[in-house]
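Next up, my_file-v3.txt (compact mmCIF, C-alpha atoms):
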```txt
# COMPACT_ATOMS: atom_id res chain seq x y z
CA MET A 1 -4.09 17.88 -7.47
CA SER A 2 -4.01 14.08 -7.45
CA ILE A 3 -1.19 12.59 -5.40
CA ILE A 4 -0.88 9.67 -7.80
CA SER A 5 -2.20 8.98 -11.28
CA ALA A 6 -1.92 6.74 -14.30
CA THR A 7 -2.85 8.19 -17.69
CA ASN A 8 -3.61 5.89 -20.63
CA ALA A 9 -1.44 3.31 -18.86
CA THR A 10 -0.83 0.12 -20.81
CA LYS A 11 1.21 -2.87 -19.70
CA VAL A 12 2.09 -5.59 -22.18
CA TYR A 13 3.98 -8.79 -21.36
CA GLN A 14 5.58 -11.02 -23.98
CA SER A 15 5.48 -14.79 -23.61
CA GLY A 16 7.18 -16.34 -26.60
CA ASP A 17 5.26 -15.15 -29.63
CA LYS A 18 2.19 -14.31 -27.53
CA GLU A 19 1.32 -10.90 -26.14
CA LEU A 20 -0.54 -10.43 -22.86
CA ARG A 21 -2.12 -7.02 -22.38
CA ALA A 22 -2.46 -6.79 -18.60
CA LEU A 23 -3.58 -3.14 -18.69
CA ASP A 24 -5.12 -1.43 -21.68
CA GLY A 25 -5.29 2.36 -21.56
CA VAL A 26 -6.14 2.81 -17.89
CA ASP A 27 -6.79 6.24 -16.37
CA VAL A 28 -6.73 6.31 -12.56
CA SER A 29 -6.02 9.04 -10.04
CA VAL A 30 -6.26 9.29 -6.27
CA ASP A 31 -6.49 12.57 -4.36
CA PRO A 32 -4.98 13.38 -0.97
CA GLY A 33 -7.23 12.05 1.79
CA GLU A 34 -9.21 9.80 -0.57
CA PHE A 35 -9.82 6.10 -0.01
CA ALA A 36 -10.27 4.30 -3.34
CA ALA A 37 -10.89 0.58 -3.83
CA VAL A 38 -10.05 -1.39 -6.99
CA VAL A 39 -12.16 -4.48 -7.65
CA GLY A 40 -12.34 -7.02 -10.44
CA PRO A 41 -11.98 -10.72 -11.22
CA SER A 42 -8.67 -12.57 -11.02
CA GLY A 43 -6.45 -11.71 -13.96
CA SER A 44 -8.12 -8.34 -14.53
CA GLY A 45 -4.89 -6.35 -14.00
CA LYS A 46 -5.37 -5.20 -10.41
CA SER A 47 -1.92 -6.27 -9.17
CA THR A 48 -0.29 -4.87 -12.31
CA LEU A 49 -1.94 -1.51 -11.66
CA LEU A 50 -0.78 -1.57 -8.04
CA ASN A 51 2.79 -2.29 -9.17
CA LEU A 52 2.73 0.62 -11.62
CA LEU A 53 1.34 3.08 -9.11
CA GLY A 54 3.81 1.85 -6.50
CA LEU A 55 6.73 2.55 -8.87
CA LEU A 56 7.69 -1.12 -8.85
CA ASP A 57 7.18 -1.39 -12.61
CA GLU A 58 6.91 0.87 -15.66
CA PRO A 59 4.04 1.08 -18.16
CA SER A 60 4.66 -0.15 -21.70
CA ASP A 61 2.78 2.96 -22.83
CA GLY A 62 1.12 5.90 -21.12
CA SER A 63 2.38 7.61 -17.98
CA VAL A 64 2.44 7.37 -14.19
CA THR A 65 2.79 10.47 -12.04
CA VAL A 66 3.45 10.53 -8.30
CA ASP A 67 3.34 13.75 -6.30
CA GLY A 68 3.58 15.75 -9.52
CA VAL A 69 6.63 13.86 -10.79
CA ALA A 70 6.43 11.77 -13.99
CA LEU A 71 7.91 8.31 -13.59
CA SER A 72 9.48 8.53 -17.08
CA SER A 73 11.63 11.48 -15.98
CA LEU A 74 13.35 9.57 -13.17
CA SER A 75 16.41 7.39 -13.04
CA LYS A 76 16.14 4.02 -11.32
CA ARG A 77 17.77 5.46 -8.18
CA GLU A 78 15.47 8.50 -8.19
CA ARG A 79 12.46 6.23 -8.56
CA THR A 80 13.60 4.15 -5.58
CA ASP A 81 14.05 7.30 -3.47
CA LEU A 82 10.63 8.66 -4.47
CA ARG A 83 8.98 5.32 -3.71
CA ARG A 84 10.58 5.15 -0.26
CA GLU A 85 9.59 8.73 0.58
CA THR A 86 6.11 8.82 -0.93
CA VAL A 87 4.56 5.34 -1.05
CA GLY A 88 3.71 2.88 1.72
CA PHE A 89 2.79 -0.75 0.99
CA ILE A 90 0.45 -3.10 2.87
CA PHE A 91 0.14 -6.77 1.88
CA GLN A 92 -2.41 -9.45 2.68
CA SER A 93 0.25 -11.84 4.00
CA PHE A 94 1.81 -9.30 6.41
CA TYR A 95 5.46 -10.21 5.55
CA LEU A 96 6.70 -9.66 9.09
CA VAL A 97 10.19 -10.86 9.99
CA PRO A 98 9.63 -13.63 12.58
CA THR A 99 12.86 -12.93 14.50
CA LEU A 100 12.06 -9.23 15.00
CA THR A 101 9.69 -7.60 17.49
CA ALA A 102 6.68 -5.55 16.40
CA ARG A 103 8.70 -2.37 17.00
CA GLU A 104 11.62 -3.64 14.91
CA ASN A 105 9.34 -4.80 12.08
CA VAL A 106 7.74 -1.36 11.89
CA ALA A 107 11.14 0.36 11.85
CA ILE A 108 12.60 -1.72 8.98
CA PRO A 109 11.69 0.61 6.05
CA GLY A 110 13.29 3.56 7.86
CA LEU A 111 16.64 1.92 8.63
CA VAL A 112 18.33 3.83 5.80
CA ARG A 113 17.95 6.95 7.93
CA SER A 114 20.56 8.03 10.44
CA ASP A 115 18.20 9.23 13.20
CA ARG A 116 17.65 5.81 14.77
CA GLU A 117 16.34 7.20 18.07
CA ARG A 118 13.60 9.20 16.33
CA LEU A 119 12.82 6.19 14.13
CA ILE A 120 12.14 3.99 17.16
CA GLU A 121 10.03 6.72 18.74
CA ARG A 122 7.93 6.95 15.57
CA ALA A 123 7.57 3.14 15.43
CA ASP A 124 6.30 3.15 19.03
CA ASP A 125 3.92 6.00 18.28
CA LEU A 126 2.49 4.29 15.19
CA LEU A 127 2.01 1.00 17.03
CA THR A 128 0.23 2.86 19.80
CA ARG A 129 -2.02 4.55 17.23
CA VAL A 130 -3.06 1.20 15.78
CA GLY A 131 -3.84 -0.13 19.25
CA LEU A 132 -0.66 -2.12 19.88
CA GLY A 133 1.10 0.05 22.41
CA ASP A 134 1.22 -2.93 24.75
CA ARG A 135 2.71 -5.24 22.09
CA LEU A 136 5.88 -3.32 21.16
CA ASP A 137 8.26 -6.12 22.15
CA HIS A 138 6.09 -9.02 21.01
CA TYR A 139 7.23 -11.25 18.15
CA PRO A 140 4.92 -12.14 15.23
CA ASN A 141 4.21 -15.63 16.63
CA GLU A 142 2.85 -13.92 19.76
CA LEU A 143 0.36 -11.82 17.77
CA SER A 144 -3.05 -12.62 16.28
CA GLY A 145 -3.74 -12.18 12.57
CA GLY A 146 -5.40 -8.84 13.17
CA GLN A 147 -2.51 -7.64 15.29
CA LYS A 148 -0.01 -8.69 12.60
CA GLN A 149 -1.95 -6.71 10.01
CA ARG A 150 -1.96 -3.65 12.24
CA VAL A 151 1.82 -4.00 12.62
CA ALA A 152 2.00 -4.06 8.82
CA VAL A 153 -0.17 -0.93 8.63
CA ALA A 154 2.09 0.84 11.13
CA ARG A 155 5.16 -0.26 9.13
CA SER A 156 3.68 1.23 5.95
CA MET A 157 3.53 4.65 7.65
CA ILE A 158 7.04 4.74 9.12
CA ASN A 159 8.40 7.02 6.37
CA ASP A 160 5.35 9.31 6.52
CA PRO A 161 4.16 8.51 2.97
CA ASP A 162 1.62 10.48 0.96
CA ILE A 163 -0.11 7.36 -0.31
CA LEU A 164 -0.72 3.82 0.93
CA LEU A 165 -1.15 1.00 -1.57
CA ALA A 166 -2.84 -2.01 -0.01
CA ASP A 167 -3.25 -5.47 -1.56
CA GLU A 168 -6.21 -7.28 0.05
CA PRO A 169 -5.49 -5.72 3.48
CA THR A 170 -8.48 -7.43 5.13
CA GLY A 171 -8.33 -10.68 3.16
CA ASN A 172 -7.07 -12.78 6.08
CA LEU A 173 -9.14 -11.06 8.76
CA ASP A 174 -12.57 -11.61 10.25
CA GLN A 175 -15.14 -8.86 9.85
CA ASN A 176 -14.62 -7.23 13.25
CA THR A 177 -10.84 -7.21 12.92
CA GLY A 178 -11.13 -5.90 9.36
CA ALA A 179 -13.28 -3.06 10.65
CA GLN A 180 -10.53 -2.14 13.14
CA VAL A 181 -8.01 -1.89 10.29
CA LEU A 182 -10.41 0.26 8.27
CA ASP A 183 -10.84 2.59 11.26
CA VAL A 184 -7.06 3.07 11.27
CA PHE A 185 -7.17 3.85 7.54
CA ASP A 186 -9.87 6.42 8.27
CA GLU A 187 -7.53 8.21 10.67
CA PHE A 188 -4.79 8.35 8.06
CA THR A 189 -7.06 9.71 5.30
CA ASP A 190 -8.25 12.39 7.74
CA GLU A 191 -4.61 13.50 7.83
CA GLY A 192 -4.46 13.74 4.03
CA VAL A 193 -2.94 10.36 3.20
CA ALA A 194 -4.36 8.82 0.02
CA ILE A 195 -5.18 5.10 0.10
CA LEU A 196 -5.69 2.80 -2.87
CA THR A 197 -6.56 -0.80 -2.11
CA VAL A 198 -7.13 -3.88 -4.25
CA THR A 199 -9.87 -5.94 -2.62
CA HIS A 200 -12.59 -8.56 -2.95
CA ASP A 201 -14.03 -7.58 0.45
CA GLU A 202 -17.42 -5.84 0.33
CA GLN A 203 -16.69 -4.37 3.74
CA VAL A 204 -13.83 -2.43 2.17
CA THR A 205 -15.78 -1.26 -0.88
CA ASP A 206 -18.63 -0.11 1.37
CA PHE A 207 -16.08 1.88 3.39
CA ALA A 208 -14.25 3.39 0.39
CA ASP A 209 -14.98 6.84 -1.01
CA ARG A 210 -14.87 5.42 -4.54
CA THR A 211 -14.76 2.00 -6.19
CA ILE A 212 -12.89 1.41 -9.44
CA ARG A 213 -13.88 -1.72 -11.40
CA LEU A 214 -11.17 -3.28 -13.55
CA VAL A 215 -12.04 -5.99 -16.10
CA ASP A 216 -9.67 -7.42 -18.73
CA GLY A 217 -7.20 -4.61 -18.10
CA MET A 218 -9.74 -1.84 -18.64
CA ILE A 219 -11.79 0.29 -16.27
CA GLN A 220 -15.52 -0.37 -16.48
CA ASP A 221 -18.18 2.22 -15.80
CA ALA A 222 -20.04 1.63 -12.56
```

Rewrite the coordinates I just gave you, this time as structure tokens.
Amino acid sequence: MSIISATNATKVYQSGDKELRALDGVDVSVDPGEFAAVVGPSGSGKSTLLNLLGLLDEPSDGSVTVDGVALSSLSKRERTDLRRETVGFIFQSFYLVPTLTARENVAIPGLVRSDRERLIERADDLLTRVGLGDRLDHYPNELSGGQKQRVAVARSMINDPDILLADEPTGNLDQNTGAQVLDVFDEFTDEGVAILTVTHDEQVTDFADRTIRLVDGMIQDA
């Protein structure tokens, strides 16, 4: 069964008397352990799709299902809880807190939990897995771009999510560093984590199990 899916998902925005149809009847699903890449020109609806699948927004029509649960059946609080427990996010711009160490940045999404000691242990373990075991106490200004992105990848896994949603995860990286990040993704998919990434990077689409092309809010056949 797919870990996450959108069925006939439509998203319409109103601007005065004008209507913008950002998504128009999109069907997308990602299975456990699958790496899927979404490509398309600017304004094609990629970010809107990512927001819907990440439970940050609701479709105007159609449905979104995460881990067998329909978004429409959840309260706002239940949606927040499901997002925190099920979905990890990775962004192109890293969004690390400059006054926190790598370890502390990774731990941030888990701070709502009470088991702080285990949280720090998991942060250290994840940083070690992404090759930063010797950078635990380094601040973002002491890290390279590739190292910052790997901190962001580790942070996305702190709550042991079932799916990672990544927005241009290699966009600010050189090819070799991007390949290192993709190798980390490969480890996670081997463990059953689903990954959906929006990208313009051919290196990512070559690596992905499947590429989804989105144009004018609709999925195009390959």

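Compared by their closest atoms to Met1 of chain A, and using all atoms listed in the file, the residues A:Leu71, A:Glu34, A:Leu96, A:Ala22 rank with A:Glu34 nearest.
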
Tell me, counting all atoms listed in the file, for each residue of segment 58-108 of chain A within 8 Å of segment 9-12 of chain A, which pair of atoms is nearest and how far apart they are in Å to one decimal, in rows ordered by chain and increasing number, as a Markdown table.
```
| residue | atom | partner | partner_atom | distance |
| --- | --- | --- | --- | --- |
| A:Glu58 | CA | A:Lys11 | CA | 7.9 |
| A:Pro59 | CA | A:Lys11 | CA | 5.1 |
| A:Ser60 | CA | A:Lys11 | CA | 4.8 |
| A:Asp61 | CA | A:Thr10 | CA | 5.0 |
| A:Gly62 | CA | A:Ala9 | CA | 4.3 |
| A:Ser63 | CA | A:Ala9 | CA | 5.8 |
| A:Val64 | CA | A:Ala9 | CA | 7.3 |
```

- Query: For Phe94 of chain A, which of A:Arg150, A:Arg135, A:Arg116, A:Lys46 is the closest residue, counting only C-alpha atoms?
  - Reply: A:Arg150

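Within 10 Å of the point (-3.6, -2.6, 15.6) in file coordinates, and counting all atoms listed in the file, lie the residues A:Leu126, A:Leu127, A:Thr128, A:Arg129, A:Val130, A:Gly131, A:Leu132, A:Gly133, A:Arg135, A:Gly146, A:Gln147, A:Lys148, A:Gln149, A:Arg150, A:Val151, A:Ala152, A:Val153, A:Ala154, A:Thr177, A:Gln180, A:Val181, A:Asp183, A:Val184.
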
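Minimum atom-to-atom distance to Thr48 of chain A, evaluated using all atoms listed in the file, belongs to A:Ala6 out of A:Ile90, A:Ala36, A:Ala6, A:Val30.
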
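Closest approach to Asp201 of chain A among A:Leu74, A:Val106, A:Leu82, A:Ala179: A:Ala179, based on only C-alpha atoms.
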
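Closest approach to Glu187 of chain A from the set A:Asn51, A:Gln14, A:Phe35, A:Thr65 is made by A:Phe35, with distances taken over all atoms listed in the file.
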
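Proximity to Thr205 of chain A at 9 Å, evaluated using only C-alpha atoms and with sequence-adjacent residues fewer than 4 positions away removed, yields Ala36, Ala37, Val38, Val39, Thr199, His200, Asp201, Asp209, Arg210 and Thr211 of chain A.
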
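Nearest to Phe89 of chain A of all the residues A:Asp24, A:Glu117, A:Asp162, A:Glu19 is A:Asp162, based on all atoms listed in the file.
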
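Picture a line from atom CA of Ala102 of chain A to atom CA of Asp125 of chain A; it runs 12.0 Å.
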